[in-house]
Every structure is written in C-alpha cells, then in structure tokens.
Amino acid sequence: MAHIKGLAAHAAGAEVLPFHYDPGPLAAHDVDIEISHCGVCHSDLHLISNDWGVSQFPFIPGHEVIGRILAMGSEVAGLEKGQRVGLGWQSNSCGVCEWCIQGKENLCPASEATCVRRHGGYADRVRCNARFAIPIPEALESENAAPLLCAGITVYNPLRSHGINPASRVGVVGIGGLGHLAIQFARVFGAEVTAFSTSASKEAEARALGAHRFVNSRETKAMKEVAGSLDFILNTANADQEWNTYVQALRPTGTLCFVGVPPSPVTVAAFPLISGQRALCGSPIGSPHTLREMMDVAARHGIQAKTELFPMAKANEAIDKVKKNKVRYRAVLAN
Ligand code: NAP
Ligand code: ZN
C-alpha cells in the first residue's frame, strides 16, 4: 500500500506541513478510509500547541473524518468496500474491559485517539479499528456531517445521558463548533435553550439554530438575571470563565457539565453545590453505539453543522481562523 499523505505539525505551535508515512500492513480488524472531508476541531489546536502535554511530533491532526472504505482487514464484518463512513476522536479500544463490554468504549482506559501518538485526518487516508468506522446515513451531506463525529457526539452524549427532555432548561456556553450543535440537539430533545456567548454578533444565528434566549456572557447584569433558571449547563468553551456565576445560574439539582477544556483548574464555591444539591461533571465524546444513534437522530431531525469549507492544502488558514474564533461554526477541510 502506498504511503499516506497528509499535513503534520512538527513542533508545538508550528504550521502543518506536507508529510507522509507508511501505514504498514492492514491488521485483520482494521479499515483504511479514503478521506473526503475532515473537520477542524479545537482539540486539534490544543494538540498542535501541546496544551495537554500528550502530543508527539510530528503528527497529522484531524479527527472529524468522512470518507469511503478503501480496504478492509480479513476479519472485518458489517462494512463494505466503498461504503461512506465517519471516524471521530477514538480509533480503537481494548474491546474486553468492563467499559467496552457495556458499550461504553469511550471510557476504556486503553482507548486510542485518532490523532494522539498516531496520524489523523488532515490527510488522504486514515486507518482505524472497524468498530470505530461509523456508517453515515444517506440524508447527511459529508461536509455538514463530518463535525458530528467529534463536536456532535461530544454534546449529544451528555444531553442524552442526562435525560434532557421537554421539561428541561438547558444552557449552552460558547457557540462554536460544539456549541452550535448543542443548541440544535437540545432543541430536538425538546428543551428550552439558553445560549451564552461572548460574541454579541452570534445572537441572530443562535436563535435561528434553536436558542430561545441569548445571553452575552460578558455582561454582568445579564449573567445575574439568569440566576437559578437552568437545569443543565453544558460548557463547550475552551476558556477560563467565572464558573461560580454558572453554578448560580442552576436551579436546585442542576448540573454544570464540562466538555470544553479551559486552561486553568475549575474553582467553584462549595456552598451553592451543597445547598441546591448541584453537581459539576465532565463528559468525553461518545461510544460507537451512541455515534450511530446520533447520526440517525441528525438525519431524521435535520441537524447539520454550519460549515466553512477549505481545501485540504489550506489547513493552516482554517486553523488560524479557528484560533481567532472567526469560523461560523466549523471549518471543514476537503480533498
Ligand atoms: P470552537 O469552535 O473554537 O468554539 C469554542 C467557543 O468558545 C468559541 O466559539 C467561543 O464562543 C467560546 N470562547 C472562545 N474564547 C472564549 C473566551 N475567552 N471566553 C469565553 N468563551 C470563549 O471550539 P470547539 O471545537 O467547539 O471546541 C471547544 C472545546 O471543546 C475545546 O476545548 C475542545 O478541546 C473541547 N472538546 C472536548 C471534547 C470532549 O470529548 N470533552 C470533544 C471535542 C472538543 P462564543 O463566541 O460564543 O463566546
Ligand atoms: Zn474534537
């Protein structure tokens, strides 16, 4: 098999540059995907800057892949050559631990990430364990569906597992790649949705996506007015904020859930947690089963990412635009 050609970061914070590697022989349970589209998730930027201390250079970023199956290992069943599939953050798991057995592969301690210590989707091809190649429903366009593989599942999974329903009042903090999909899914689950944004210019679009209320999180007065009004707040922002204000925005028994990764430790006062029996939690991506369910929900309810398309060769432009918080709402690279 020919080398895989992609764009790799060679040092922390560097631009991505042409790079190729030999994927080696195809293992029995693996598939090779010929990539048509790959979203630019903010986690790629964290990895490129080595914010989390886990990056190994050079590496090809990219973990919101859509493409067609080019080759399948001898033991792969249930997929076909040429079939359109997606690959997200996770590319393998051990398959035998208690979490994998429960269908919660995203919690597997031996989980393998598509572009951590291996090469991801800013490339012509990518390899993964077949269990993590997710069939894409006919009704979804590849460009708008690619961001569902990471941004989509990361917000769908906690909304679903926390039982969001028509009685729920949901807040979404940060209206970027993850946040704009969270508004749509929360709305489909029937919730009343409040968008929290530092970008006043996103109000009309946030409402069009399904938000009932828009709060400019830079306005202290507006933030005070939402006190005690929400059951579930999903933070998708990658920045430090005054988390106590969000805890105060929760009703009794409410939850503040982190999917976005702020750089500093999250500090909150204990008393509002105690008195209102409120909770803080986090959530990592979602399992292959949940990915399939989310794809079906997205196809049937018309949920799609709003995207800005860039040719693969212009990946650095896309990355720069994400860094500046200028993308509305997901940059997608196309081959
Ligand atoms: P993104 O598209 O860049 O969106 C992030 C949003 O955060 C921005 O659009 C902005 O929204 C808000 N924001 C930016 N700077 C801010 C500031 N200084 N103060 C307050 N808000 C600010 O990023 P993304 O791809 O959605 O990813 C968001 C985060 O989720 C990243 O940390 C990423 O690593 C993480 N993530 C986690 C998982 C997981 O499994 N838990 C999966 C994927 C991604 P407004 O303009 O509306 O303020
Ligand atoms: Zn991601």
# chains A, B, ... in the order shown; residues from 1 in each chain; ligands from 1

$ closest_atom_pairs --of "range 208-325 of chain A" --to "range 38-50 of chain A" --cutoff "8 Å" --atoms "only C-alpha atoms" --output "tab-separated table"
residue	atom	partner	partner_atom	distance
A:Ala318	CA	A:Val40	CA	7.4
A:Ile319	CA	A:Val40	CA	7.0
A:Val322	CA	A:His42	CA	7.2
A:Lys323	CA	A:Leu45	CA	7.5

$ select_by_dssp --residues "range 164-267 of chain A" --states "helix (DSSP H, G or I)" --output "VMD selection string"
chain A and resid 177 to 188 200 to 209 220 to 225 243 to 248

$ write_last_selection --atoms "C-alpha atoms" --output "PDB file, in the first residue's frame"
ATOM      1  CA  GLY A 177     -18.232  24.054  16.724  1.00  0.00           C
ATOM      2  CA  LEU A 178     -19.584  22.129  19.703  1.00  0.00           C
ATOM      3  CA  GLY A 179     -21.955  24.812  20.969  1.00  0.00           C
ATOM      4  CA  HIS A 180     -23.888  25.402  17.739  1.00  0.00           C
ATOM      5  CA  LEU A 181     -24.614  21.658  17.547  1.00  0.00           C
ATOM      6  CA  ALA A 182     -25.542  21.539  21.243  1.00  0.00           C
ATOM      7  CA  ILE A 183     -28.233  24.187  20.656  1.00  0.00           C
ATOM      8  CA  GLN A 184     -29.697  22.066  17.842  1.00  0.00           C
ATOM      9  CA  PHE A 185     -29.666  18.760  19.758  1.00  0.00           C
ATOM     10  CA  ALA A 186     -31.038  20.320  22.973  1.00  0.00           C
ATOM     11  CA  ARG A 187     -33.839  21.838  20.929  1.00  0.00           C
ATOM     12  CA  VAL A 188     -34.633  18.476  19.279  1.00  0.00           C
ATOM     13  CA  ALA A 200     -22.932  39.531  20.550  1.00  0.00           C
ATOM     14  CA  SER A 201     -22.885  39.118  16.749  1.00  0.00           C
ATOM     15  CA  LYS A 202     -23.921  35.449  17.118  1.00  0.00           C
ATOM     16  CA  GLU A 203     -27.335  36.223  18.617  1.00  0.00           C
ATOM     17  CA  ALA A 204     -29.461  36.013  15.454  1.00  0.00           C
ATOM     18  CA  GLU A 205     -27.803  32.788  14.310  1.00  0.00           C
ATOM     19  CA  ALA A 206     -28.026  31.213  17.778  1.00  0.00           C
ATOM     20  CA  ARG A 207     -31.757  31.930  17.782  1.00  0.00           C
ATOM     21  CA  ALA A 208     -32.120  30.579  14.243  1.00  0.00           C
ATOM     22  CA  LEU A 209     -30.382  27.371  15.379  1.00  0.00           C
ATOM     23  CA  THR A 220     -22.518  41.093  34.364  1.00  0.00           C
ATOM     24  CA  LYS A 221     -26.119  42.279  34.629  1.00  0.00           C
ATOM     25  CA  ALA A 222     -27.386  39.763  32.054  1.00  0.00           C
ATOM     26  CA  MET A 223     -25.489  36.985  33.812  1.00  0.00           C
ATOM     27  CA  LYS A 224     -27.061  37.904  37.164  1.00  0.00           C
ATOM     28  CA  GLU A 225     -30.532  37.805  35.634  1.00  0.00           C
ATOM     29  CA  TRP A 243     -17.712  29.411  36.941  1.00  0.00           C
ATOM     30  CA  ASN A 244     -19.441  30.474  40.158  1.00  0.00           C
ATOM     31  CA  THR A 245     -21.799  32.580  38.039  1.00  0.00           C
ATOM     32  CA  TYR A 246     -22.767  29.475  36.057  1.00  0.00           C
ATOM     33  CA  VAL A 247     -23.274  27.448  39.234  1.00  0.00           C
ATOM     34  CA  GLN A 248     -25.557  30.247  40.424  1.00  0.00           C
TER      35      GLN A 248
END

$ residues_near_ligand --ligand "ligand 1" --cutoff "7 Å" --atoms "only C-alpha atoms and all ligand atoms" --output "PDB file with C-alpha atoms, in the first residue's frame"
ATOM      1  CA  CYS A  41     -11.931  20.737  15.996  1.00  0.00           C
ATOM      2  CA  HIS A  42     -10.469  22.998  18.656  1.00  0.00           C
ATOM      3  CA  SER A  43      -8.910  19.860  20.171  1.00  0.00           C
ATOM      4  CA  HIS A  46      -4.876  22.100  21.663  1.00  0.00           C
ATOM      5  CA  CYS A 150     -16.448  14.798  17.350  1.00  0.00           C
ATOM      6  CA  ALA A 151     -18.275  18.083  18.042  1.00  0.00           C
ATOM      7  CA  THR A 154     -19.456  15.320  22.441  1.00  0.00           C
ATOM      8  CA  VAL A 173     -21.832  28.082  26.954  1.00  0.00           C
ATOM      9  CA  GLY A 174     -19.722  29.001  23.906  1.00  0.00           C
ATOM     10  CA  ILE A 175     -21.332  28.985  20.474  1.00  0.00           C
ATOM     11  CA  GLY A 176     -18.566  27.462  18.377  1.00  0.00           C
ATOM     12  CA  GLY A 177     -18.232  24.054  16.724  1.00  0.00           C
ATOM     13  CA  LEU A 178     -19.584  22.129  19.703  1.00  0.00           C
ATOM     14  CA  GLY A 179     -21.955  24.812  20.969  1.00  0.00           C
ATOM     15  CA  PHE A 196     -24.237  32.003  26.474  1.00  0.00           C
ATOM     16  CA  SER A 197     -21.785  33.738  24.183  1.00  0.00           C
ATOM     17  CA  THR A 198     -19.007  36.307  24.275  1.00  0.00           C
ATOM     18  CA  SER A 199     -19.887  37.240  20.678  1.00  0.00           C
ATOM     19  CA  LYS A 202     -23.921  35.449  17.118  1.00  0.00           C
ATOM     20  CA  THR A 236     -18.230  23.995  25.379  1.00  0.00           C
ATOM     21  CA  ALA A 237     -15.884  26.995  25.678  1.00  0.00           C
ATOM     22  CA  ASN A 238     -12.149  26.445  25.834  1.00  0.00           C
ATOM     23  CA  ALA A 239     -11.500  29.500  28.026  1.00  0.00           C
ATOM     24  CA  ASP A 240     -11.446  30.331  31.724  1.00  0.00           C
ATOM     25  CA  GLN A 241     -14.614  31.951  32.991  1.00  0.00           C
ATOM     26  CA  PHE A 258     -17.713  20.399  31.094  1.00  0.00           C
ATOM     27  CA  VAL A 259     -16.894  19.250  27.594  1.00  0.00           C
ATOM     28  CA  GLY A 260     -14.818  22.297  26.607  1.00  0.00           C
ATOM     29  CA  VAL A 261     -11.403  22.372  28.236  1.00  0.00           C
ATOM     30  CA  PRO A 262     -10.490  25.650  29.994  1.00  0.00           C
ATOM     31  CA  SER A 283     -18.130  14.111  29.567  1.00  0.00           C
ATOM     32  CA  PRO A 284     -15.847  12.544  26.931  1.00  0.00           C
ATOM     33  CA  ILE A 285     -17.044  12.101  23.293  1.00  0.00           C
ATOM     34  CA  VAL A 322     -10.494  28.794  14.420  1.00  0.00           C
ATOM     35  CA  LYS A 323      -7.803  30.231  16.711  1.00  0.00           C
ATOM     36  CA  ASN A 325     -12.832  32.495  16.879  1.00  0.00           C
ATOM     37  CA  TYR A 329     -19.287  27.496  13.058  1.00  0.00           C
ATOM     38  CA  ARG A 330     -16.999  24.681  11.888  1.00  0.00           C
TER      39      ARG A 330
END

$ closest_residue --among "A:Cys115, A:Leu107, A:Ile69, A:Ala8" --to "ligand 2" --atoms "only C-alpha atoms and all ligand atoms"
A:Cys115

$ closest_residue --among "A:Glu242, A:Glu219, A:Glu143, A:Asp320" --to "Gln304 in chain A" --atoms "only C-alpha atoms"
A:Glu143

$ residues_around --residues "Phe59 in chain A" --least-positions-apart "4" --cutoff "10 Å" --atoms "only C-alpha atoms" --output "list in words"
Gly6, Leu7, Ala8, Ala9, His10, Ala11, Val16, Phe19, Leu47, Ile48, Ser55, Cys115, Val116, Arg117, Arg118, His119, Gly120 and Tyr122 of chain A

$ atom_distance --atom1 "CA of Gln83 in chain A" --atom2 "CA of Asn316 in chain A"
29.4 Å

$ closest_residue --among "A:Pro311, A:Gly276, A:Gly78, A:Pro18" --to "Arg131 in chain A" --atoms "only C-alpha atoms"
A:Gly78

$ select_by_dssp --residues "range 279-328 of chain A" --states "strand (DSSP E)" --output "short mmCIF file (atom, residue, chain, number, x, y, z; two decimals) with C-alpha atoms, in the first residue's frame"
data_model
loop_
_atom_site.label_atom_id
_atom_site.label_comp_id
_atom_site.auth_asym_id
_atom_site.auth_seq_id
_atom_site.Cartn_x
_atom_site.Cartn_y
_atom_site.Cartn_z
CA ALA A 279 -23.34 18.98 40.57
CA LEU A 280 -20.26 19.54 38.44
CA CYS A 281 -19.28 16.89 35.90
CA GLY A 282 -17.47 16.23 32.64
CA THR A 307 -19.59 24.90 7.92
CA GLU A 308 -16.90 26.88 6.13
CA LEU A 309 -15.16 24.74 3.54
CA PHE A 310 -11.39 24.93 2.92
CA PRO A 311 -9.28 22.87 0.51
#

$ atom_distance --atom1 "CA of Ala113 in chain A" --atom2 "CA of Arg160 in chain A"
22.7 Å

$ closest_residue --among "A:His63, A:His212, A:Lys5, A:Arg278" --to "ligand 2" --atoms "only C-alpha atoms and all ligand atoms"
A:His63

$ residues_around --residues "Ile136 in chain A" --least-positions-apart "2" --cutoff "7 Å" --atoms "only C-alpha atoms" --output "list in words"
Arg84, Val85, Gly86, Ile134, Glu138 and Met295 of chain A

$ write_last_selection --atoms "N, CA and C atoms" --output "PDB file, in the first residue's frame"
ATOM      1  N   ARG A  84     -19.607   4.756   2.710  1.00  0.00           N
ATOM      2  CA  ARG A  84     -19.263   6.030   3.342  1.00  0.00           C
ATOM      3  C   ARG A  84     -19.318   5.879   4.861  1.00  0.00           C
ATOM      4  N   VAL A  85     -18.230   6.217   5.508  1.00  0.00           N
ATOM      5  CA  VAL A  85     -18.159   6.092   6.967  1.00  0.00           C
ATOM      6  C   VAL A  85     -17.505   7.341   7.561  1.00  0.00           C
ATOM      7  N   GLY A  86     -17.648   7.472   8.876  1.00  0.00           N
ATOM      8  CA  GLY A  86     -17.006   8.557   9.604  1.00  0.00           C
ATOM      9  C   GLY A  86     -16.117   8.000  10.696  1.00  0.00           C
ATOM     10  N   ILE A 134     -17.979   4.605  11.447  1.00  0.00           N
ATOM     11  CA  ILE A 134     -19.424   4.753  11.660  1.00  0.00           C
ATOM     12  C   ILE A 134     -20.129   5.020  10.322  1.00  0.00           C
ATOM     13  N   GLU A 138     -27.567   8.218   4.378  1.00  0.00           N
ATOM     14  CA  GLU A 138     -27.758   8.833   3.056  1.00  0.00           C
ATOM     15  C   GLU A 138     -28.109  10.332   3.144  1.00  0.00           C
ATOM     16  N   MET A 295     -26.179   9.864  14.602  1.00  0.00           N
ATOM     17  CA  MET A 295     -26.255  10.049  13.142  1.00  0.00           C
ATOM     18  C   MET A 295     -27.705   9.894  12.668  1.00  0.00           C
TER      19      MET A 295
END

$ closest_residue --among "A:Ala167, A:Met312, A:Ala305, A:Ile153" --to "ligand 2" --atoms "only C-alpha atoms and all ligand atoms"
A:Ile153
